[in-house]
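**Q** What follows is data-v3.txt, compact mmCIF, N, CA and C atoms.
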# COMPACT_ATOMS: atom_id res chain seq x y z
N PRO Q 1 24.41 -32.42 44.21
CA PRO Q 1 24.82 -33.16 43.03
C PRO Q 1 24.18 -32.56 41.79
N ARG Q 2 24.95 -32.59 40.72
CA ARG Q 2 24.50 -32.07 39.44
C ARG Q 2 23.75 -33.16 38.70
N SER Q 3 22.62 -32.82 38.11
CA SER Q 3 21.89 -33.83 37.35
C SER Q 3 22.18 -33.66 35.87
N ALA Q 4 22.27 -34.79 35.17
CA ALA Q 4 22.53 -34.77 33.74
C ALA Q 4 21.22 -34.61 32.99
N PRO Q 5 21.25 -33.92 31.85
CA PRO Q 5 20.03 -33.79 31.05
C PRO Q 5 19.59 -35.16 30.54
N ALA Q 6 18.31 -35.30 30.34
CA ALA Q 6 17.79 -36.55 29.79
C ALA Q 6 18.17 -36.64 28.33
N VAL Q 7 18.74 -37.76 27.93
CA VAL Q 7 19.16 -37.96 26.55
C VAL Q 7 18.54 -39.26 26.06
N SER Q 8 17.89 -39.19 24.92
CA SER Q 8 17.29 -40.37 24.33
C SER Q 8 17.86 -40.56 22.93
N PRO Q 9 18.98 -41.27 22.83
CA PRO Q 9 19.63 -41.41 21.53
C PRO Q 9 19.00 -42.50 20.66
N GLN Q 10 17.75 -42.32 20.27
CA GLN Q 10 17.07 -43.29 19.42
C GLN Q 10 17.41 -43.00 17.97
N VAL Q 11 18.45 -43.65 17.49
CA VAL Q 11 18.94 -43.42 16.13
C VAL Q 11 18.88 -44.74 15.38
N GLY Q 12 18.00 -44.81 14.39
CA GLY Q 12 17.88 -46.01 13.58
C GLY Q 12 18.50 -45.88 12.21
N SER Q 13 18.67 -44.63 11.76
CA SER Q 13 19.32 -44.38 10.47
C SER Q 13 20.01 -43.03 10.54
N HIS Q 14 20.78 -42.72 9.51
CA HIS Q 14 21.50 -41.45 9.49
C HIS Q 14 20.54 -40.26 9.53
N ARG Q 15 19.32 -40.46 9.08
CA ARG Q 15 18.32 -39.37 9.10
C ARG Q 15 17.93 -38.98 10.52
N ASP Q 16 18.15 -39.88 11.47
CA ASP Q 16 17.80 -39.63 12.87
C ASP Q 16 18.90 -38.91 13.65
N ILE Q 17 20.07 -38.76 13.05
CA ILE Q 17 21.17 -38.08 13.74
C ILE Q 17 20.86 -36.59 13.79
N SER Q 18 20.85 -36.05 14.99
CA SER Q 18 20.48 -34.65 15.19
C SER Q 18 21.39 -34.03 16.25
N HIS Q 19 21.23 -32.74 16.41
CA HIS Q 19 21.97 -32.04 17.47
C HIS Q 19 21.67 -32.69 18.81
N GLU Q 20 20.41 -33.05 19.03
CA GLU Q 20 20.01 -33.67 20.29
C GLU Q 20 20.62 -35.06 20.47
N SER Q 21 20.62 -35.86 19.40
CA SER Q 21 21.18 -37.21 19.55
C SER Q 21 22.69 -37.17 19.74
N LEU Q 22 23.35 -36.14 19.26
CA LEU Q 22 24.79 -36.00 19.46
C LEU Q 22 25.14 -35.39 20.81
N SER Q 23 24.15 -34.87 21.52
CA SER Q 23 24.41 -34.18 22.80
C SER Q 23 25.04 -35.11 23.83
N LEU Q 24 24.74 -36.38 23.79
CA LEU Q 24 25.35 -37.35 24.71
C LEU Q 24 26.87 -37.29 24.64
N PHE Q 25 27.40 -37.17 23.44
CA PHE Q 25 28.86 -37.17 23.27
C PHE Q 25 29.51 -35.91 23.83
N ARG Q 26 28.75 -34.83 23.92
CA ARG Q 26 29.29 -33.59 24.50
C ARG Q 26 29.32 -33.66 26.02
N LEU Q 27 28.64 -34.63 26.61
CA LEU Q 27 28.58 -34.77 28.07
C LEU Q 27 29.67 -35.67 28.64
N LEU Q 28 30.36 -36.39 27.79
CA LEU Q 28 31.35 -37.37 28.26
C LEU Q 28 32.53 -36.70 28.93
N ALA Q 29 33.04 -37.35 29.96
CA ALA Q 29 34.25 -36.87 30.63
C ALA Q 29 35.20 -38.04 30.77
N PRO Q 30 36.44 -37.89 30.39
CA PRO Q 30 37.02 -36.67 29.84
C PRO Q 30 36.42 -36.38 28.46
N GLN Q 31 36.49 -35.12 28.07
CA GLN Q 31 35.92 -34.72 26.78
C GLN Q 31 36.62 -35.46 25.66
N ILE Q 32 35.84 -35.98 24.73
CA ILE Q 32 36.42 -36.70 23.60
C ILE Q 32 37.03 -35.72 22.60
N GLU Q 33 38.05 -36.20 21.90
CA GLU Q 33 38.68 -35.41 20.83
C GLU Q 33 37.98 -35.66 19.51
N ILE Q 34 37.61 -36.92 19.29
CA ILE Q 34 37.09 -37.35 18.00
C ILE Q 34 35.86 -38.22 18.21
N LEU Q 35 34.83 -37.95 17.44
CA LEU Q 35 33.64 -38.80 17.40
C LEU Q 35 33.61 -39.47 16.03
N VAL Q 36 33.64 -40.80 16.03
CA VAL Q 36 33.55 -41.56 14.79
C VAL Q 36 32.11 -42.03 14.64
N LEU Q 37 31.47 -41.62 13.56
CA LEU Q 37 30.09 -42.02 13.30
C LEU Q 37 30.05 -43.01 12.15
N GLY Q 38 29.44 -44.15 12.38
CA GLY Q 38 29.20 -45.14 11.33
C GLY Q 38 27.76 -45.05 10.89
N THR Q 39 27.53 -44.78 9.60
CA THR Q 39 26.18 -44.50 9.11
C THR Q 39 25.56 -45.68 8.36
N GLY Q 40 25.97 -46.89 8.69
CA GLY Q 40 25.37 -48.06 8.05
C GLY Q 40 26.21 -48.58 6.91
N ASP Q 41 25.54 -49.06 5.86
CA ASP Q 41 26.23 -49.67 4.72
C ASP Q 41 27.07 -48.69 3.91
N ARG Q 42 26.69 -47.42 3.93
CA ARG Q 42 27.41 -46.43 3.13
C ARG Q 42 27.60 -45.15 3.91
N VAL Q 43 28.52 -44.34 3.43
CA VAL Q 43 28.78 -43.04 4.05
C VAL Q 43 27.62 -42.12 3.69
N GLU Q 44 27.03 -41.51 4.70
CA GLU Q 44 25.92 -40.56 4.48
C GLU Q 44 26.36 -39.20 4.98
N ARG Q 45 26.01 -38.18 4.24
CA ARG Q 45 26.37 -36.82 4.64
C ARG Q 45 25.48 -36.35 5.79
N LEU Q 46 26.11 -35.68 6.73
CA LEU Q 46 25.36 -35.05 7.82
C LEU Q 46 25.25 -33.57 7.54
N HIS Q 47 24.27 -32.94 8.13
CA HIS Q 47 24.08 -31.50 7.93
C HIS Q 47 25.31 -30.76 8.45
N PRO Q 48 25.85 -29.84 7.65
CA PRO Q 48 27.05 -29.11 8.06
C PRO Q 48 26.91 -28.38 9.39
N THR Q 49 25.72 -27.95 9.73
CA THR Q 49 25.50 -27.25 11.00
C THR Q 49 25.81 -28.16 12.18
N MET Q 50 25.42 -29.43 12.09
CA MET Q 50 25.71 -30.37 13.19
C MET Q 50 27.21 -30.56 13.35
N LEU Q 51 27.91 -30.70 12.24
CA LEU Q 51 29.36 -30.89 12.30
C LEU Q 51 30.03 -29.64 12.87
N LYS Q 52 29.54 -28.48 12.48
CA LYS Q 52 30.10 -27.22 12.98
C LYS Q 52 29.89 -27.10 14.49
N GLN Q 53 28.70 -27.45 14.96
CA GLN Q 53 28.41 -27.38 16.40
C GLN Q 53 29.33 -28.28 17.20
N MET Q 54 29.62 -29.45 16.67
CA MET Q 54 30.53 -30.36 17.37
C MET Q 54 31.95 -29.79 17.38
N ARG Q 55 32.40 -29.25 16.25
CA ARG Q 55 33.74 -28.63 16.19
C ARG Q 55 33.84 -27.48 17.18
N GLU Q 56 32.77 -26.69 17.30
CA GLU Q 56 32.77 -25.57 18.25
C GLU Q 56 32.90 -26.05 19.69
N CYS Q 57 32.49 -27.29 19.95
CA CYS Q 57 32.65 -27.89 21.28
C CYS Q 57 34.00 -28.57 21.43
N GLY Q 58 34.84 -28.49 20.40
CA GLY Q 58 36.16 -29.09 20.47
C GLY Q 58 36.21 -30.56 20.08
N ILE Q 59 35.16 -31.03 19.38
CA ILE Q 59 35.08 -32.44 19.00
C ILE Q 59 35.09 -32.55 17.48
N ALA Q 60 36.10 -33.24 16.95
CA ALA Q 60 36.14 -33.52 15.51
C ALA Q 60 35.22 -34.69 15.22
N VAL Q 61 34.55 -34.67 14.08
CA VAL Q 61 33.63 -35.75 13.71
C VAL Q 61 34.11 -36.38 12.42
N GLU Q 62 34.23 -37.70 12.44
CA GLU Q 62 34.61 -38.49 11.26
C GLU Q 62 33.42 -39.35 10.91
N VAL Q 63 32.85 -39.16 9.70
CA VAL Q 63 31.68 -39.92 9.27
C VAL Q 63 32.12 -40.94 8.23
N GLN Q 64 31.80 -42.21 8.48
CA GLN Q 64 32.19 -43.31 7.58
C GLN Q 64 31.08 -44.35 7.56
N ASP Q 65 31.19 -45.30 6.62
CA ASP Q 65 30.31 -46.45 6.72
C ASP Q 65 30.70 -47.20 8.00
N THR Q 66 29.79 -47.99 8.53
CA THR Q 66 30.00 -48.56 9.86
C THR Q 66 31.20 -49.49 9.94
N ALA Q 67 31.44 -50.29 8.91
CA ALA Q 67 32.60 -51.20 8.96
C ALA Q 67 33.90 -50.41 9.09
N ASN Q 68 34.06 -49.37 8.29
CA ASN Q 68 35.27 -48.55 8.37
C ASN Q 68 35.31 -47.73 9.65
N ALA Q 69 34.15 -47.31 10.14
CA ALA Q 69 34.10 -46.56 11.40
C ALA Q 69 34.61 -47.42 12.56
N CYS Q 70 34.27 -48.70 12.55
CA CYS Q 70 34.77 -49.60 13.60
C CYS Q 70 36.29 -49.71 13.53
N ALA Q 71 36.82 -49.86 12.32
CA ALA Q 71 38.27 -49.95 12.16
C ALA Q 71 38.95 -48.66 12.60
N THR Q 72 38.38 -47.53 12.23
CA THR Q 72 38.95 -46.23 12.61
C THR Q 72 38.93 -46.06 14.12
N PHE Q 73 37.80 -46.42 14.75
CA PHE Q 73 37.69 -46.34 16.20
C PHE Q 73 38.79 -47.17 16.87
N ASN Q 74 38.96 -48.41 16.42
CA ASN Q 74 39.98 -49.30 17.01
C ASN Q 74 41.38 -48.73 16.81
N PHE Q 75 41.65 -48.19 15.63
CA PHE Q 75 42.96 -47.60 15.37
C PHE Q 75 43.22 -46.43 16.31
N LEU Q 76 42.23 -45.54 16.44
CA LEU Q 76 42.39 -44.37 17.31
C LEU Q 76 42.55 -44.77 18.77
N MET Q 77 41.84 -45.80 19.20
CA MET Q 77 42.00 -46.30 20.57
C MET Q 77 43.42 -46.82 20.79
N ASN Q 78 43.94 -47.53 19.80
CA ASN Q 78 45.31 -48.04 19.91
C ASN Q 78 46.33 -46.91 19.95
N GLU Q 79 45.98 -45.78 19.36
CA GLU Q 79 46.85 -44.59 19.38
C GLU Q 79 46.67 -43.79 20.68
N ARG Q 80 45.83 -44.31 21.58
CA ARG Q 80 45.55 -43.67 22.87
C ARG Q 80 44.85 -42.32 22.73
N ARG Q 81 44.03 -42.17 21.69
CA ARG Q 81 43.26 -40.94 21.50
C ARG Q 81 41.99 -41.04 22.34
N VAL Q 82 41.44 -39.90 22.72
CA VAL Q 82 40.18 -39.88 23.46
C VAL Q 82 39.07 -39.82 22.41
N VAL Q 83 38.47 -40.98 22.17
CA VAL Q 83 37.56 -41.15 21.03
C VAL Q 83 36.29 -41.85 21.49
N ALA Q 84 35.20 -41.57 20.79
CA ALA Q 84 33.94 -42.28 21.01
C ALA Q 84 33.37 -42.63 19.63
N ALA Q 85 32.46 -43.60 19.62
CA ALA Q 85 31.85 -44.00 18.36
C ALA Q 85 30.33 -44.07 18.51
N GLY Q 86 29.65 -43.66 17.46
CA GLY Q 86 28.22 -43.83 17.32
C GLY Q 86 28.03 -44.67 16.07
N LEU Q 87 27.51 -45.89 16.23
CA LEU Q 87 27.48 -46.83 15.12
C LEU Q 87 26.06 -47.29 14.81
N ILE Q 88 25.66 -47.12 13.56
CA ILE Q 88 24.37 -47.63 13.09
C ILE Q 88 24.66 -48.95 12.38
N PRO Q 89 23.99 -50.02 12.75
CA PRO Q 89 24.27 -51.32 12.11
C PRO Q 89 24.03 -51.25 10.60
N PRO Q 90 24.89 -51.95 9.85
CA PRO Q 90 24.70 -51.97 8.38
C PRO Q 90 23.46 -52.76 7.99
Before anything else, please render the file you have as structure tokens.
**A**
Amino acid sequence: PRSAPAVSPQVGSHRDISHESLSLFRLLAPQIEILVLGTGDRVERLHPTMLKQMRECGIAVEVQDTANACATFNFLMNERRVVAAGLIPP
């Protein structure tokens, strides 16, 4: 049996989002098409390198405030897209 790497997604704010914290989403099967990230009360910019690394893995990243991220996630689920969400409470 294959063992999964240890992942500790301790993210309390957008500043905690890192390549390591996003690694969990790269392990999901089936592979997700879109990752919706909710960054709390407002939209926060993520480092372009992190977004590029996710795109290179075939995962588009949509960064929004958490309320809109929830709505986007629900919309994409209703469209039958393979989507995941990472949500920081507002």
**Q** Between CA of Asp16 in chain Q and CA of Ala29 in chain Q, what is the distance in Å, rounded to a tenth?
**A** 24.4 Å
**Q** When DSSP works through the backbone of this structure, what residues of chain Q end up as strand (DSSP E or B), shown as number ranges by chain?
**A** Q: 34-39, 60-64, 83-88
**Q** Near Val63 in chain Q, within 6 Å and counting all atoms listed in the file, which residues show up once chain neighbours fewer than 3 positions away are dropped, as a list in words?
**A**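 These residues fall inside the cut-off: Val36, Leu37, Gly38 and Val43 of chain Q.
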**Q** Choose the residue, out of Q:Leu24, Q:Ala67, Q:Asn78, Q:Phe73, that has the smallest atom-to-atom separation from Thr39 in chain Q; count all atoms listed in the file.
**A**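 Going through Q:Leu24, Q:Ala67, Q:Asn78, Q:Phe73 one by one, the smallest distance to Thr39 in chain Q is for Q:Ala67.
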**Q** Rounded to one decimal, what separation in Å do you get between CA of Thr49 in chain Q and CA of Glu79 in chain Q?
**A**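 These atoms are spaced 28.8 Å apart.
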**Q** Using only N, CA and C atoms, which of Q:Glu20, Q:Leu87, Q:Glu56, Q:Leu46 sits nearest Cys70 in chain Q?
**A**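 Result for the nearest residue to Cys70 in chain Q: Q:Leu87.
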**Q** Step by step: start from the point (28.5, -45.5, 19.2) in the file's coordinates, keep every protein, DNA or RNA residue that has an atom no farther than 7 Å from it, count only C-alpha atoms, and write the set as a PyMOL selection string.
**A** chain Q and resi 84-87
**Q** In Å, with one decimal, what is the gap from atom N of Arg42 in chain Q to atom C of Gly12 in chain Q?
**A**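 Between these atoms lies a distance of 11.7 Å.
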